[in-house]
>>> print(open('protein_11.cif').read())   # mmCIF, C-alpha atoms
data_target
loop_
_atom_site.label_atom_id
_atom_site.label_comp_id
_atom_site.auth_asym_id
_atom_site.auth_seq_id
_atom_site.Cartn_x
_atom_site.Cartn_y
_atom_site.Cartn_z
CA MET R 28 58.27 -96.39 -67.36
CA GLU R 29 61.91 -96.13 -68.13
CA ASP R 30 63.87 -99.19 -68.91
CA PRO R 31 65.79 -99.83 -65.66
CA SER R 32 68.75 -101.11 -67.60
CA VAL R 33 69.51 -97.60 -68.92
CA HIS R 34 70.66 -96.19 -65.55
CA ALA R 35 72.05 -99.37 -64.06
CA ASP R 36 75.72 -99.20 -62.98
CA PRO R 37 77.96 -101.25 -65.23
CA VAL R 38 79.09 -104.48 -63.71
CA ALA R 39 82.82 -104.33 -62.92
CA PRO R 40 84.77 -107.06 -64.68
CA VAL R 41 85.95 -109.81 -62.41
CA ALA R 42 89.74 -110.11 -62.40
CA VAL R 43 90.83 -113.61 -63.09
CA SER R 44 94.00 -114.37 -61.13
CA GLU R 45 96.62 -116.65 -62.53
CA PRO R 46 97.26 -119.86 -60.61
CA ALA R 47 99.55 -119.20 -57.66
CA ALA R 48 103.05 -120.43 -58.28
CA ALA R 49 104.38 -123.00 -55.89
CA THR R 50 106.43 -121.44 -53.10
CA ALA R 51 110.04 -121.85 -54.08
CA THR R 52 112.49 -123.07 -51.47
CA PRO R 53 115.03 -120.28 -50.97
CA ALA R 54 118.39 -121.29 -52.32
CA ARG R 55 121.19 -121.47 -49.76
CA LYS R 56 123.43 -118.48 -50.14
CA ARG R 57 126.80 -119.56 -51.41
CA PRO R 58 129.68 -118.09 -49.37
CA ARG R 59 132.15 -115.88 -51.17
CA PRO R 60 135.66 -117.28 -51.81
CA GLY R 61 137.49 -117.60 -48.50
CA GLU R 62 134.34 -116.91 -46.47
CA ARG R 63 133.59 -120.56 -45.76
CA ARG R 64 137.19 -121.13 -44.65
CA VAL R 65 136.89 -118.33 -42.09
CA GLN R 66 133.51 -119.65 -40.97
CA ILE R 67 134.99 -123.11 -40.37
CA LEU R 68 137.78 -121.67 -38.21
CA GLN R 69 135.40 -119.43 -36.26
CA THR R 70 133.10 -122.37 -35.55
CA LEU R 71 136.01 -124.57 -34.47
CA ALA R 72 137.18 -121.85 -32.06
CA GLN R 73 133.65 -121.49 -30.66
CA MET R 74 133.37 -125.25 -30.12
CA LEU R 75 136.66 -125.21 -28.22
CA GLU R 76 135.07 -122.83 -25.72
CA GLN R 77 132.61 -125.50 -24.60
CA PRO R 78 133.28 -127.79 -21.59
CA GLY R 79 134.91 -131.07 -22.55
CA ALA R 80 135.79 -129.79 -26.01
CA GLU R 81 139.44 -130.83 -25.93
CA ARG R 82 138.76 -133.30 -28.75
CA ILE R 83 136.51 -132.21 -31.61
CA THR R 84 135.76 -134.51 -34.52
CA THR R 85 135.29 -133.33 -38.09
CA ALA R 86 131.84 -134.96 -37.99
CA ALA R 87 130.81 -132.75 -35.06
CA LEU R 88 132.27 -129.67 -36.74
CA ALA R 89 130.46 -130.44 -40.00
CA ALA R 90 127.20 -130.96 -38.12
CA ARG R 91 127.56 -127.60 -36.36
CA LEU R 92 128.10 -125.93 -39.75
CA ASP R 93 125.30 -127.96 -41.36
CA VAL R 94 127.60 -129.19 -44.12
CA SER R 95 129.11 -132.54 -45.03
CA GLU R 96 132.58 -133.60 -43.89
CA ALA R 97 133.56 -133.61 -47.57
CA ALA R 98 132.71 -129.89 -47.68
CA LEU R 99 135.23 -129.26 -44.89
CA TYR R 100 137.95 -131.03 -46.82
CA ARG R 101 137.38 -128.82 -49.84
CA HIS R 102 138.85 -126.00 -47.74
CA PHE R 103 141.29 -127.87 -45.50
CA ALA R 104 143.28 -130.97 -46.34
CA SER R 105 143.01 -132.25 -42.77
CA LYS R 106 141.84 -131.31 -39.27
CA ALA R 107 145.47 -130.55 -38.44
CA GLN R 108 145.41 -127.89 -41.14
CA MET R 109 142.34 -126.34 -39.48
CA PHE R 110 144.27 -126.06 -36.21
CA GLU R 111 147.18 -124.56 -38.13
CA GLY R 112 144.74 -121.91 -39.32
CA LEU R 113 143.90 -121.09 -35.70
CA ILE R 114 147.58 -120.95 -34.76
CA GLU R 115 148.25 -118.60 -37.68
CA PHE R 116 145.52 -116.33 -36.36
CA ILE R 117 147.06 -116.38 -32.88
CA GLU R 118 150.53 -115.62 -34.23
CA SER R 119 149.35 -112.80 -36.47
CA SER R 120 147.12 -111.18 -33.85
CA VAL R 121 149.55 -111.31 -30.94
CA PHE R 122 152.73 -110.34 -32.79
CA THR R 123 151.03 -107.47 -34.58
CA LEU R 124 150.28 -106.06 -31.12
CA VAL R 125 153.78 -106.90 -29.84
CA ASN R 126 155.39 -105.04 -32.75
CA GLN R 127 153.22 -102.00 -32.08
CA ILE R 128 154.31 -102.00 -28.43
CA VAL R 129 158.00 -102.22 -29.33
CA GLU R 130 157.65 -99.39 -31.85
CA ARG R 131 155.76 -97.03 -29.54
CA GLU R 132 157.20 -97.73 -26.08
CA THR R 133 160.77 -96.64 -25.38
CA SER R 134 161.12 -98.24 -21.93
CA GLY R 135 162.25 -101.86 -22.10
CA ALA R 136 160.57 -102.71 -18.79
CA LEU R 137 157.24 -101.28 -19.92
CA GLN R 138 157.56 -103.11 -23.23
CA ALA R 139 157.87 -106.40 -21.38
CA GLN R 140 154.92 -105.67 -19.09
CA ARG R 141 152.66 -104.71 -21.99
CA ILE R 142 153.69 -107.68 -24.12
CA VAL R 143 152.62 -110.07 -21.37
CA ALA R 144 149.44 -108.07 -20.81
CA VAL R 145 148.34 -108.16 -24.47
CA LEU R 146 148.98 -111.89 -24.64
CA LEU R 147 146.75 -112.54 -21.63
CA GLN R 148 144.10 -110.08 -22.83
CA PHE R 149 144.02 -111.88 -26.18
CA GLY R 150 143.54 -115.21 -24.42
CA GLU R 151 140.77 -113.80 -22.24
CA LYS R 152 138.86 -112.47 -25.25
CA ASN R 153 139.38 -115.70 -27.23
CA PRO R 154 138.81 -118.65 -24.85
CA GLY R 155 138.87 -121.23 -27.63
CA MET R 156 142.27 -119.95 -28.74
CA THR R 157 143.50 -120.26 -25.15
CA ARG R 158 142.90 -124.02 -25.32
CA VAL R 159 145.08 -124.08 -28.44
CA MET R 160 147.82 -121.95 -26.86
CA VAL R 161 148.15 -124.13 -23.76
CA GLY R 162 147.98 -127.32 -25.82
CA ASP R 163 144.76 -128.80 -24.39
CA ALA R 164 143.13 -128.79 -27.82
CA LEU R 165 146.22 -130.31 -29.46
CA VAL R 166 146.68 -133.40 -27.27
CA PHE R 167 145.15 -135.78 -29.82
CA GLU R 168 146.38 -133.88 -32.89
CA HIS R 169 149.59 -133.97 -34.94
CA GLU R 170 152.76 -133.30 -32.93
CA ARG R 171 153.82 -130.56 -35.34
CA LEU R 172 151.00 -128.41 -33.98
CA VAL R 173 152.39 -128.61 -30.45
CA ALA R 174 155.87 -127.83 -31.82
CA ARG R 175 154.53 -124.78 -33.62
CA MET R 176 152.78 -123.51 -30.50
CA ASN R 177 156.02 -123.99 -28.57
CA GLN R 178 157.79 -121.92 -31.21
CA PHE R 179 155.24 -119.18 -30.63
CA PHE R 180 156.19 -118.94 -26.96
CA ASP R 181 159.90 -119.20 -27.80
CA ARG R 182 159.52 -116.24 -30.14
CA LEU R 183 157.64 -114.31 -27.46
CA GLU R 184 160.36 -115.06 -24.91
CA SER R 185 163.00 -113.90 -27.37
CA GLN R 186 161.27 -110.54 -27.73
CA LEU R 187 160.98 -110.24 -23.96
CA ARG R 188 164.72 -110.91 -23.61
CA GLN R 189 165.48 -108.07 -26.01
CA SER R 190 163.23 -105.65 -24.14
CA LEU R 191 164.52 -106.70 -20.73
CA ARG R 192 168.14 -106.56 -21.86
CA ALA R 193 167.56 -102.91 -22.76
CA ALA R 194 165.94 -102.35 -19.35
CA ALA R 195 168.91 -103.97 -17.58
CA ASP R 196 171.31 -101.73 -19.50
CA GLU R 197 169.25 -98.71 -18.43
CA ARG R 198 169.59 -99.78 -14.80
CA GLY R 199 173.33 -100.23 -15.19
CA SER R 200 173.26 -103.96 -14.47
CA SER R 201 176.63 -105.71 -14.57
CA THR R 202 174.96 -108.86 -15.99
CA PRO R 203 172.23 -107.54 -18.32
CA THR R 204 172.04 -110.66 -20.49
CA VAL R 205 171.67 -113.02 -17.54
CA ASP R 206 169.12 -110.73 -15.90
CA ALA R 207 167.09 -110.52 -19.12
CA ASN R 208 167.16 -114.28 -19.72
CA VAL R 209 166.01 -115.12 -16.20
CA LEU R 210 163.22 -112.57 -16.15
CA ALA R 211 161.98 -113.35 -19.68
CA SER R 212 161.70 -117.03 -18.75
CA ALA R 213 159.79 -116.14 -15.57
CA LEU R 214 157.36 -113.89 -17.43
CA VAL R 215 156.56 -116.53 -20.04
CA ALA R 216 156.01 -119.09 -17.27
CA LEU R 217 153.69 -116.61 -15.54
CA ALA R 218 151.70 -116.04 -18.75
CA VAL R 219 151.40 -119.73 -19.62
CA GLY R 220 150.40 -120.56 -16.05
CA ARG R 221 147.65 -117.97 -16.05
CA LEU R 222 146.35 -119.20 -19.41
CA HIS R 223 146.32 -122.78 -18.09
CA ARG R 224 144.40 -121.70 -14.99
CA TYR R 225 141.91 -119.80 -17.16
CA ALA R 226 141.25 -122.88 -19.31
CA ARG R 227 141.12 -125.35 -16.39
CA SER R 228 138.66 -123.15 -14.49
CA GLY R 229 136.21 -123.33 -17.38
CA PHE R 230 137.18 -119.75 -18.26
CA ARG R 231 136.03 -118.39 -14.91
CA ARG R 232 139.40 -117.29 -13.48
CA SER R 233 140.52 -114.29 -15.48
CA PRO R 234 144.14 -114.50 -16.70
CA THR R 235 144.48 -110.74 -16.13
CA GLU R 236 143.40 -110.93 -12.49
CA MET R 237 145.74 -108.72 -10.39
CA LEU R 238 148.12 -108.71 -13.35
CA GLU R 239 149.41 -105.16 -13.14
CA PRO R 240 150.93 -105.37 -9.62
CA ALA R 241 152.43 -108.76 -10.45
CA LEU R 242 154.12 -107.40 -13.57
CA GLN R 243 155.35 -104.32 -11.76
CA ARG R 244 157.10 -106.52 -9.22
CA LEU R 245 158.67 -108.78 -11.84
CA ALA R 246 159.47 -106.50 -14.78
CA CYS R 247 160.60 -103.28 -13.19
#
>>> encode(input="protein_11.cif", output="structure tokens")
Amino acid sequence: MEDPSVHADPVAPVAVSEPAAATATPARKRPRPGERRVQILQTLAQMLEQPGAERITTAALAARLDVSEAALYRHFASKAQMFEGLIEFIESSVFTLVNQIVERETSGALQAQRIVAVLLQFGEKNPGMTRVMVGDALVFEHERLVARMNQFFDRLESQLRQSLRAAADERGSSTPTVDANVLASALVALAVGRLHRYARSGFRRSPTEMLEPALQRLAC
């Protein structure tokens, strides 16, 4: 009888696994320079879109971002400076569009209509920024913020006066400066009123509702 061990299959070696390493807690990704600053401003703007968000504390903002209040102050010296960041965004966004309109449109009347339209379209797309523009979000903040927002609308009105003065000249008006001043003031009041209504309605009443026929009647 043959020795059964001669034809037996070799026993496969048993692999000995190393002890499993403890599951490491993933490290929080550190934002790139400037990224956290933008994230803070975006979150502040989003919080301003919520009902009753006229006054936002740094504690609430920090909690939404899941950071400490001290972390906020590494990027902004104060909450007022955060709102200044939002105002800078509003100024840059709106006046970039205004400058493009003035460069591309030769008709002064159409310039004025489109300037008002882009302002209201910007507000509609950025509800939190609308609360800043109309001052609701600035009531409990530093007065310089309200002054700066007022300067924004003064600058907008100044551009409208220039466009409307050109339109009055084209029509052969005997009082082009007076005509332009009156109409520019009326258009800014229209825009601010529509932004206020948009904010007070909880962002339900569109600021661009029936805008085109209204502008055609005013800035023609």
>>> atom_distance(input="protein_11.cif", atom1="atom CA of R:Val145", atom2="atom CA of R:Val215")
12.5 Å
>>> resolve_selection(input="protein_11.cif", expression="the PyMOL selection byres ((chain R and resi 134) around 10)", output="list in words")
Val129, Arg131, Glu132, Thr133, Gly135, Ala136, Leu137, Gln138, Ala139, Ser190, Leu191, Ala193, Ala194 and Glu197 of chain R
>>> atom_distance(input="protein_11.cif", atom1="atom CA of R:Phe179", atom2="atom CA of R:Gly61")
25.2 Å
>>> atom_distance(input="protein_11.cif", atom1="atom CA of R:Gln127", atom2="atom CA of R:Ile114")
20.0 Å
>>> residues_around(input="protein_11.cif", residues="stretch 75-80 of chain R", least_positions_apart="2", cutoff="6 Å", atoms="all atoms listed in the file", output="list of chain:residue names")
R:Ala72, R:Gln73, R:Arg82, R:Pro154, R:Gly155
>>> resolve_selection(input="protein_11.cif", expression="the PyMOL selection byres ((chain R and resi 246) around 7)", output="PyMOL selection string")
chain R and resi 136+139-140+242-245+247
>>> residues_around(input="protein_11.cif", residues="R:His102", least_positions_apart="5", cutoff="9 Å", atoms="all atoms listed in the file", output="number ranges by chain")
R: 61, 63-64, 67, 109
>>> resolve_selection(input="protein_11.cif", expression="the PyMOL selection byres ((chain R and resi 106) around 12)", output="ChimeraX atom specification")
/R:67-68,71,82-89,96-97,99-105,107-113,164-165,167-169,172
>>> closest_residue(input="protein_11.cif", among="R:Ser212, R:Ser228, R:Asn126, R:Ser120", to="R:Ser185", atoms="only C-alpha atoms")
R:Ser212
>>> closest_residue(input="protein_11.cif", among="R:Ser233, R:Asn208, R:Gln178, R:Gln148", to="R:Arg192", atoms="only C-alpha atoms")
R:Asn208
>>> closest_residue(input="protein_11.cif", among="R:Ile142, R:Val121, R:Leu187, R:Leu222", to="R:Ala207", atoms="only C-alpha atoms")
R:Leu187
>>> closest_residue(input="protein_11.cif", among="R:Asp196, R:Glu239, R:Gln186, R:Val143", to="R:Ala216", atoms="all atoms listed in the file")
R:Val143
>>> residues_around(input="protein_11.cif", residues="R:Tyr225", least_positions_apart="3", cutoff="10 Å", atoms="all atoms listed in the file", output="PyMOL selection string")
chain R and resi 147+150-151+154+157-158+219-222+228-235
